[in-house]
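Some notes on the structure that comes next.
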Amino acid sequence: MELLGTLPIITLNNGIYEAKISPRTGGMLLSLKKNGVEVLHCPGSQEELQEAVTSYGYPLLFPPNRIEDGRFTAAGKTYQFPLNEPARNNSLHGFLHKREWMVDAYSDTSCSLLFVGDEDTAFFEYFPCYFVIYREYELTEEGLKETTRIINDGEEPMPLGLGFHTAFRVDEDTKVLVSVGQRVETTERMLPSGVVRDLNEAEIPFRTTGMDPMAFPMDDLYTVKELEIDGKPFHGAIIETREAVATYKVDEFFRHWVMWNSKQKGGFMCIEPQNWRINAPNLVETLGEAAGMDMLEAGEEVSVTTFLSVENK
């Protein structure tokens with residue numbers, strides 16, 4: 001293994017693509033290069049990564065985004081998460097993106113990492129569920145396949161909220177095409193207001209010619225509506241920079257997108273697929289299935305995939 005500071009880093013390489021993964025930081029992908037060209041926003045040091053984990057690479061959010069007052073009830077059980085966004089009185093991004101994951105197996109071109117949630121987990125008092133999550137990475141000639149497998153190892157249903165805070169490098173000429181549908185308006189607390197509207201003139205390029213990722217400050221929530229690319233349905237994003245075109249395909253499990261460009265600073269944009277709408281557990285009563293709230297039954301397993309490929313210019 002290589003090191004980033006004192007952090008061990010797994011490197012995968014198949015002669016075309018190179019990927020770097022951090023077991024100690026959420027089992028996250030830090031870097032993906034094709035023929036030496038980087039497409040993700042990478043930390044330059046361990047300190048940079050630890051100060052802003054969700055600004056780099058490919059963090060897993062479990063559950064994703066914000067929950068109002070950190071509190072909700074699901075399947076008869078009430079959960080109270082820590083309020084780690086105190087200015088808005090929300091919980092934010094769940095429990096796994098900064099924690100150490102175990103290395104299950106790895107080779108030159110693949111690796112499997114896992115996290116076990118049980119009574120010995122530091123956050124068990126907030127999320128008293130028994131589960132196992134695997135993050136599996138595989139390099140092929142076409143790109144990087146990432147598979148996330150979640151197993152409910154307990155005897156009760158478990159809330160299932162999952163997302164990725166995927167951070168892409170951008171430059172002045174970057175265009176981003178994404179399978180967004182409608183804008184879900186949010187309040188000052190960054191929670192859904194109840195208003196869902198069609199894309200406005202400034203947002204339409206997301207689905208047509210490609211959006212300038214720095215066109216305006218973005219921290220916005222959208223529904224999914226697949227695109228048609230080369231006559232085929234496409235659910236994902238295409239990020240074109242001066243050096244490369246990155247294609248990010250995501251599973252139909254993900255029914256919402258968040259777009260965040262860090263107030264147009266930093267030279268990156270986060271394109272974030274997530275299964276449920278922000279604050280979904282508290283929206284089920286009013287929105288029903290549109291909230292995207294998923295539950296994983298006792299003993300049940302779900303597996304979702306994403307795929308990231310690159311064409312060099």
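By convention here, the chains of the structure tokens are called A, B, ... in the order presented, each chain's residues are numbered starting at 1, and ligands are numbered starting at 1 in the order presented.
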
Considering only C-alpha atoms, tabulate each residue of segment 6-99 of chain A that lies at most 10 Å from segment 120-139 of chain A along with its nearest interatomic pair and the corresponding distance in Å to one decimal; arrange the rows by chain and ascending residue number and present them as JSON lines.
```
{"residue": "A:Leu12", "atom": "CA", "partner": "A:Leu139", "partner_atom": "CA", "distance": 7.3}
{"residue": "A:Asn13", "atom": "CA", "partner": "A:Leu139", "partner_atom": "CA", "distance": 7.4}
{"residue": "A:Asn14", "atom": "CA", "partner": "A:Leu139", "partner_atom": "CA", "distance": 6.8}
{"residue": "A:Gly15", "atom": "CA", "partner": "A:Leu139", "partner_atom": "CA", "distance": 10.0}
{"residue": "A:Ile16", "atom": "CA", "partner": "A:Leu139", "partner_atom": "CA", "distance": 9.1}
{"residue": "A:Tyr17", "atom": "CA", "partner": "A:Leu139", "partner_atom": "CA", "distance": 7.0}
{"residue": "A:Glu18", "atom": "CA", "partner": "A:Leu139", "partner_atom": "CA", "distance": 8.1}
{"residue": "A:Ala19", "atom": "CA", "partner": "A:Leu139", "partner_atom": "CA", "distance": 8.0}
{"residue": "A:Ile21", "atom": "CA", "partner": "A:Tyr137", "partner_atom": "CA", "distance": 9.0}
{"residue": "A:Gly26", "atom": "CA", "partner": "A:Arg135", "partner_atom": "CA", "distance": 9.5}
{"residue": "A:Gly27", "atom": "CA", "partner": "A:Arg135", "partner_atom": "CA", "distance": 7.0}
{"residue": "A:Met28", "atom": "CA", "partner": "A:Arg135", "partner_atom": "CA", "distance": 8.4}
{"residue": "A:Leu29", "atom": "CA", "partner": "A:Tyr137", "partner_atom": "CA", "distance": 8.7}
{"residue": "A:Leu60", "atom": "CA", "partner": "A:Arg135", "partner_atom": "CA", "distance": 9.1}
{"residue": "A:Gly70", "atom": "CA", "partner": "A:Tyr126", "partner_atom": "CA", "distance": 9.8}
{"residue": "A:Arg71", "atom": "CA", "partner": "A:Tyr126", "partner_atom": "CA", "distance": 9.8}
{"residue": "A:Lys77", "atom": "CA", "partner": "A:Pro128", "partner_atom": "CA", "distance": 9.8}
{"residue": "A:Thr78", "atom": "CA", "partner": "A:Tyr126", "partner_atom": "CA", "distance": 9.5}
{"residue": "A:Tyr79", "atom": "CA", "partner": "A:Tyr126", "partner_atom": "CA", "distance": 6.3}
{"residue": "A:Gln80", "atom": "CA", "partner": "A:Tyr126", "partner_atom": "CA", "distance": 5.8}
{"residue": "A:Phe81", "atom": "CA", "partner": "A:Tyr126", "partner_atom": "CA", "distance": 5.4}
{"residue": "A:Pro82", "atom": "CA", "partner": "A:Tyr126", "partner_atom": "CA", "distance": 7.6}
{"residue": "A:Gly94", "atom": "CA", "partner": "A:Phe123", "partner_atom": "CA", "distance": 9.7}
{"residue": "A:Phe95", "atom": "CA", "partner": "A:Phe123", "partner_atom": "CA", "distance": 7.2}
{"residue": "A:Leu96", "atom": "CA", "partner": "A:Phe123", "partner_atom": "CA", "distance": 9.7}
{"residue": "A:Arg99", "atom": "CA", "partner": "A:Ala122", "partner_atom": "CA", "distance": 10.0}
```

*Please give the complete set of residues from segment 43-275 of chain A that DSSP, run on the backbone, assigns to strand (DSSP E or B), formatted as a ChimeraX atom specification.*
/A:58,60-62,66-68,71-74,77-80,85,90-92,94,102-106,110-117,131-139,144-152,158-160,163-164,166-169,175-178,180-186,192-197,211,219-224,227-229,232-234,236-240,244-250,256-260,268-274

*Which is closer to Val302 of chain A than all the others in A:His93, A:Lys263, A:Arg149, A:Arg197, using only C-alpha atoms?*
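Comparing A:His93, A:Lys263, A:Arg149, A:Arg197 against Val302 of chain A, the winner is A:Arg149.
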
*asked:* I want to know what sits within 8 Å of Arg183 of chain A, based on only C-alpha atoms, with residues of the same chain fewer than 5 positions away left out; could you give that as an MDAnalysis selection string?
replied: chainID A and resid 196:199 220:223

_Selected residue, from A:Met190, A:Leu160, A:Ala244, A:Met218, that lies nearest to Thr174 of chain A when counting only C-alpha atoms_ =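 Using only C-alpha atoms, the shortest distance to Thr174 of chain A belongs to A:Ala244.
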
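Using only C-alpha atoms, the nearest neighbour of Asp153 of chain A within the list A:Pro205, A:Gly299, A:Pro86, A:Gly5 is A:Gly299.
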